[in-house]
Amino acid sequence: MLTALVVLGSSAAVAVTAVLAVLLWVRRRVFVTEVSGVSMLPALRQGDRMLAERANRRTVIVPRQLVVLRDPETPVLRDERDRRRPNYLVKRVAAVAGDPVPEGVPGGRGSGPRTVPDGFVAVLGDNSDHSTDSRRFGLVPVGRVVGTVLRRLEG
């Protein structure tokens, strides 16, 4: 690869290096995940591919936003070759810190209306009759959110 860059000349080498740097940066910032199951119908269907931005300390999570999170109940799956891979869920944020805990979701704090504590979110599937979400596993630590959905990919 280095030999090819030298042959191209210095300005072409700089351009190729810049393109590679951008591609590496993009790879670290975004990822593609696929919807599995019917929990997000009608908004998302099984097999829909989603482009998501990786979450970090500066990520702001807001209600109604679609997020990708590690499944609290089964965080790791094994594929057909017995390799481990993360098990991600795509859900909609129903409540963030300070918001009332949605009906049917265990957890929260306060003597009056229960509120979502700092560092947690409540996530729900759009298809409530067929969704494994905060109604089942409770409030989710923000650290389990691996990304925020940017858009659905076509094709």
# chains A, B, ... in the order shown; residues from 1 in each chain; ligands from 1
$ residues_around --residues "region 139-141 of chain A" --least-positions-apart "4" --cutoff "10 Å" --atoms "only C-alpha atoms" --output "PyMOL selection string"
chain A and resi 69-72+95-96+101-102+105-108+116-123+133-135+145
$ select_by_dssp --residues "region 46-124 of chain A" --states "strand (DSSP E)" --output "JSON, numbers by chain"
{"A": [49, 50, 51, 52, 53, 54, 66, 67, 68, 69, 70, 76, 77, 78, 84, 85, 86, 88, 89, 90, 91, 92, 93, 94, 95, 120, 121, 122, 123, 124]}
$ write_last_selection --atoms "N, CA and C atoms" --output "CSV table (one decimal), in the first residue's frame"
chain,number,residue,atom,x,y,z
A,49,ARG,N,-33.0,-2.3,7.8
A,49,ARG,CA,-31.6,-1.9,8.3
A,49,ARG,C,-31.6,-0.5,8.7
A,50,MET,N,-30.9,-0.2,9.8
A,50,MET,CA,-30.9,1.1,10.4
A,50,MET,C,-29.4,1.6,10.5
A,51,LEU,N,-29.2,2.8,10.1
A,51,LEU,CA,-27.9,3.5,10.3
A,51,LEU,C,-27.9,4.2,11.7
A,52,ALA,N,-27.0,3.9,12.5
A,52,ALA,CA,-27.0,4.4,13.9
A,52,ALA,C,-25.6,5.1,14.2
A,53,GLU,N,-25.7,6.1,15.0
A,53,GLU,CA,-24.5,6.8,15.4
A,53,GLU,C,-24.1,6.2,16.8
A,54,ARG,N,-22.8,5.8,17.0
A,54,ARG,CA,-22.4,5.2,18.2
A,54,ARG,C,-22.6,6.2,19.4
A,66,LEU,N,-35.3,6.8,18.5
A,66,LEU,CA,-35.0,5.4,18.3
A,66,LEU,C,-33.6,5.2,18.7
A,67,VAL,N,-33.4,4.2,19.6
A,67,VAL,CA,-32.0,3.8,20.0
A,67,VAL,C,-31.8,2.4,19.8
A,68,VAL,N,-30.5,2.0,19.8
A,68,VAL,CA,-30.0,0.7,19.7
A,68,VAL,C,-29.4,0.4,21.1
A,69,LEU,N,-29.8,-0.7,21.7
A,69,LEU,CA,-29.3,-1.0,23.0
A,69,LEU,C,-28.9,-2.5,23.1
A,70,ARG,N,-28.0,-2.8,24.0
A,70,ARG,CA,-27.7,-4.2,24.3
A,70,ARG,C,-28.8,-4.8,25.1
A,76,VAL,N,-25.6,-11.4,24.8
A,76,VAL,CA,-24.7,-12.0,23.8
A,76,VAL,C,-25.4,-13.2,23.2
A,77,LEU,N,-25.3,-13.4,21.9
A,77,LEU,CA,-25.8,-14.6,21.2
A,77,LEU,C,-24.6,-15.3,20.5
A,78,ARG,N,-24.9,-16.5,20.2
A,78,ARG,CA,-23.9,-17.3,19.4
A,78,ARG,C,-24.4,-17.6,18.0
A,84,ARG,N,-19.4,-15.6,19.4
A,84,ARG,CA,-20.3,-14.7,20.2
A,84,ARG,C,-20.5,-13.4,19.4
A,85,ARG,N,-21.7,-12.8,19.5
A,85,ARG,CA,-22.0,-11.5,18.9
A,85,ARG,C,-23.0,-10.8,19.8
A,86,PRO,N,-22.9,-9.5,19.9
A,86,PRO,CA,-23.8,-8.8,20.7
A,86,PRO,C,-25.3,-8.9,20.2
A,88,TYR,N,-28.5,-6.9,20.0
A,88,TYR,CA,-29.0,-5.5,20.1
A,88,TYR,C,-30.5,-5.5,19.9
A,89,LEU,N,-31.2,-4.5,20.5
A,89,LEU,CA,-32.6,-4.2,20.3
A,89,LEU,C,-32.7,-2.8,19.8
A,90,VAL,N,-33.7,-2.6,18.9
A,90,VAL,CA,-34.0,-1.3,18.5
A,90,VAL,C,-35.4,-0.9,19.2
A,91,LYS,N,-35.4,0.2,20.0
A,91,LYS,CA,-36.6,0.6,20.7
A,91,LYS,C,-36.7,2.1,20.7
A,92,ARG,N,-37.9,2.5,21.1
A,92,ARG,CA,-38.2,4.0,21.1
A,92,ARG,C,-38.0,4.4,22.6
A,93,VAL,N,-37.4,5.5,22.8
A,93,VAL,CA,-37.2,6.1,24.2
A,93,VAL,C,-38.6,6.6,24.6
A,94,ALA,N,-39.1,6.1,25.7
A,94,ALA,CA,-40.4,6.6,26.2
A,94,ALA,C,-40.2,7.6,27.3
A,95,ALA,N,-39.1,7.6,28.1
A,95,ALA,CA,-38.8,8.5,29.1
A,95,ALA,C,-37.4,8.6,29.5
A,120,PHE,N,-30.6,6.7,33.6
A,120,PHE,CA,-31.5,5.6,33.1
A,120,PHE,C,-32.5,6.2,32.0
A,121,VAL,N,-33.0,5.3,31.2
A,121,VAL,CA,-34.1,5.6,30.3
A,121,VAL,C,-35.1,4.5,30.3
A,122,ALA,N,-36.3,4.8,29.9
A,122,ALA,CA,-37.3,3.7,29.7
A,122,ALA,C,-37.5,3.6,28.2
A,123,VAL,N,-37.5,2.4,27.7
A,123,VAL,CA,-37.6,2.1,26.2
A,123,VAL,C,-38.8,1.2,26.0
A,124,LEU,N,-39.6,1.5,24.9
A,124,LEU,CA,-40.7,0.7,24.6
A,124,LEU,C,-40.7,0.4,23.1
$ select_by_dssp --residues "chain A" --states "helix (DSSP H, G or I)" --output "ChimeraX atom specification"
/A:2-8,10-29,128-130,134-137,142-144
$ residues_around --residues "Leu44 (chain A)" --least-positions-apart "2" --cutoff "12 Å" --atoms "only C-alpha atoms" --output "VMD selection string"
chain A and resid 34 to 42 46 to 50 66 90 to 92 125 to 127 149 151 to 153
$ atom_distance --atom1 "CA of Arg45 (chain A)" --atom2 "CA of Asp129 (chain A)"
15.1 Å
$ decode --residues "region 122-139 of chain A" --atoms "C-alpha atoms" --output "PDB file, in the first residue's frame"
ATOM      1  CA  ALA A 122     -37.349   3.738  29.662  1.00  0.00           C
ATOM      2  CA  VAL A 123     -37.631   2.132  26.217  1.00  0.00           C
ATOM      3  CA  LEU A 124     -40.741   0.695  24.605  1.00  0.00           C
ATOM      4  CA  GLY A 125     -41.551  -1.085  21.384  1.00  0.00           C
ATOM      5  CA  ASP A 126     -44.212   0.486  19.170  1.00  0.00           C
ATOM      6  CA  ASN A 127     -46.063  -2.855  19.004  1.00  0.00           C
ATOM      7  CA  SER A 128     -46.710  -3.215  22.735  1.00  0.00           C
ATOM      8  CA  ASP A 129     -48.385  -6.641  22.514  1.00  0.00           C
ATOM      9  CA  HIS A 130     -45.245  -8.142  20.945  1.00  0.00           C
ATOM     10  CA  SER A 131     -42.352  -6.240  22.478  1.00  0.00           C
ATOM     11  CA  THR A 132     -39.727  -7.136  25.029  1.00  0.00           C
ATOM     12  CA  ASP A 133     -38.951  -3.742  26.522  1.00  0.00           C
ATOM     13  CA  SER A 134     -38.863  -1.763  29.778  1.00  0.00           C
ATOM     14  CA  ARG A 135     -42.240  -3.183  30.779  1.00  0.00           C
ATOM     15  CA  ARG A 136     -40.449  -6.514  31.086  1.00  0.00           C
ATOM     16  CA  PHE A 137     -36.856  -5.674  32.048  1.00  0.00           C
ATOM     17  CA  GLY A 138     -37.347  -2.286  33.740  1.00  0.00           C
ATOM     18  CA  LEU A 139     -35.426   0.930  33.304  1.00  0.00           C
TER      19      LEU A 139
END
